[in-house]
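J.: One structure follows; several queries about it will come next.
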Amino acid sequence: MRTSVVVAGIMVACLVRPAAAQEWTTFVEPQLGTRLELPSEVFTVHEGRSIKGFGEEFIRSDGLAALAVYSQRNLRRETPATYLKRNYRTPGQAMDYVRVTRSFFAVSAVHEGTIYYSRCNFSRRSSGTIHCFDLKYPAQEKRVWDDIVTRISRSLGPLERG
């Protein structure tokens, strides 16, 4: 049993290293202009188009972590709070983290050993675009992912700031 725990720990360490030790690349969704840094050593498999908006999905080689990056038009001119209320129907007690400001929201929940994290930034321009990513990863890897999630979150934005 102890050997399997050590082997699992080594496998996780090989798949996900701390943010500072990662190779990073910038992803750009050209249609509406979402930009985001992602750890290219982690998300080695391109899954194709995002099921939401305009964007792409990436997965880790073992399939246990996934990242969707996408843009949407804010046709309803929603605020982060109204968008969150309409699109995330999870009961409040199921969310482990909720932060809502005038320009973005970030939410996180743990379900069956997987952490789900979503963030959307709302453009202040009249074009009204929403720039988002959805991330999932094993809860047992939380400590390694914390800095990675922070870097991805801070890098999320429109291609041109304004």
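Here, A, B, ... name the chains of the structure tokens in the order displayed, residue numbers run from 1 inside each chain, and ligands are numbered from 1 in the same displayed order.
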For stretch 64-72 of chain A, list every protein, DNA or RNA residue within 7 Å, evaluated using only C-alpha atoms, and leave out those in the same chain fewer than 6 positions away; present the list as a count of residues only.
T.: 20
J.: Residues within 12 Å of A:Glu78, please, as a VMD selection string. Count only C-alpha atoms; anything in the same chain fewer than 2 positions from it doesn't count.
T.: chain A and resid 72 to 76 80 to 87 102 to 104 120 to 124 128 to 130
J.: In stretch 23-88 of chain A, what's helix (DSSP H, G or I) per DSSP? Answer as a list in words?
T.: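 Filtering stretch 23-88 of chain A to helix (DSSP H, G or I) leaves Pro80, Ala81, Thr82, Tyr83, Leu84, Lys85, Arg86 and Asn87 of chain A.
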J.: Could you check the closest approach to A:Glu37 for each of A:Gly157, A:Val144, A:Ala139, A:His111 and tell me which residue wins, using only C-alpha atoms?
T.: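 Once distances to A:Glu37 are computed over only C-alpha atoms, the minimum belongs to A:Gly157.
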J.: Can you list, as a ChimeraX atom specification, every protein, DNA or RNA residue that comes within 12 Å of A:Trp24 when you count only C-alpha atoms, leaving out same-chain residues fewer than 2 positions away?
T.: /A:17-22,26-27,36-44,148,151-152,155
J.: Atom CA of A:Arg60 and atom CA of A:Phe105, how far apart in Å?
T.: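 Separation of atom CA of A:Phe105 and atom CA of A:Arg60: 25.0 Å.
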J.: Residues at most 10 Å from A:Lys142, counting only C-alpha atoms, excluding those fewer than 6 positions away in the same chain, as a list in words?
T.: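 So, after excluding close chain neighbours, the residues are Thr114, Ile115, Ile148 and Val149 of chain A.
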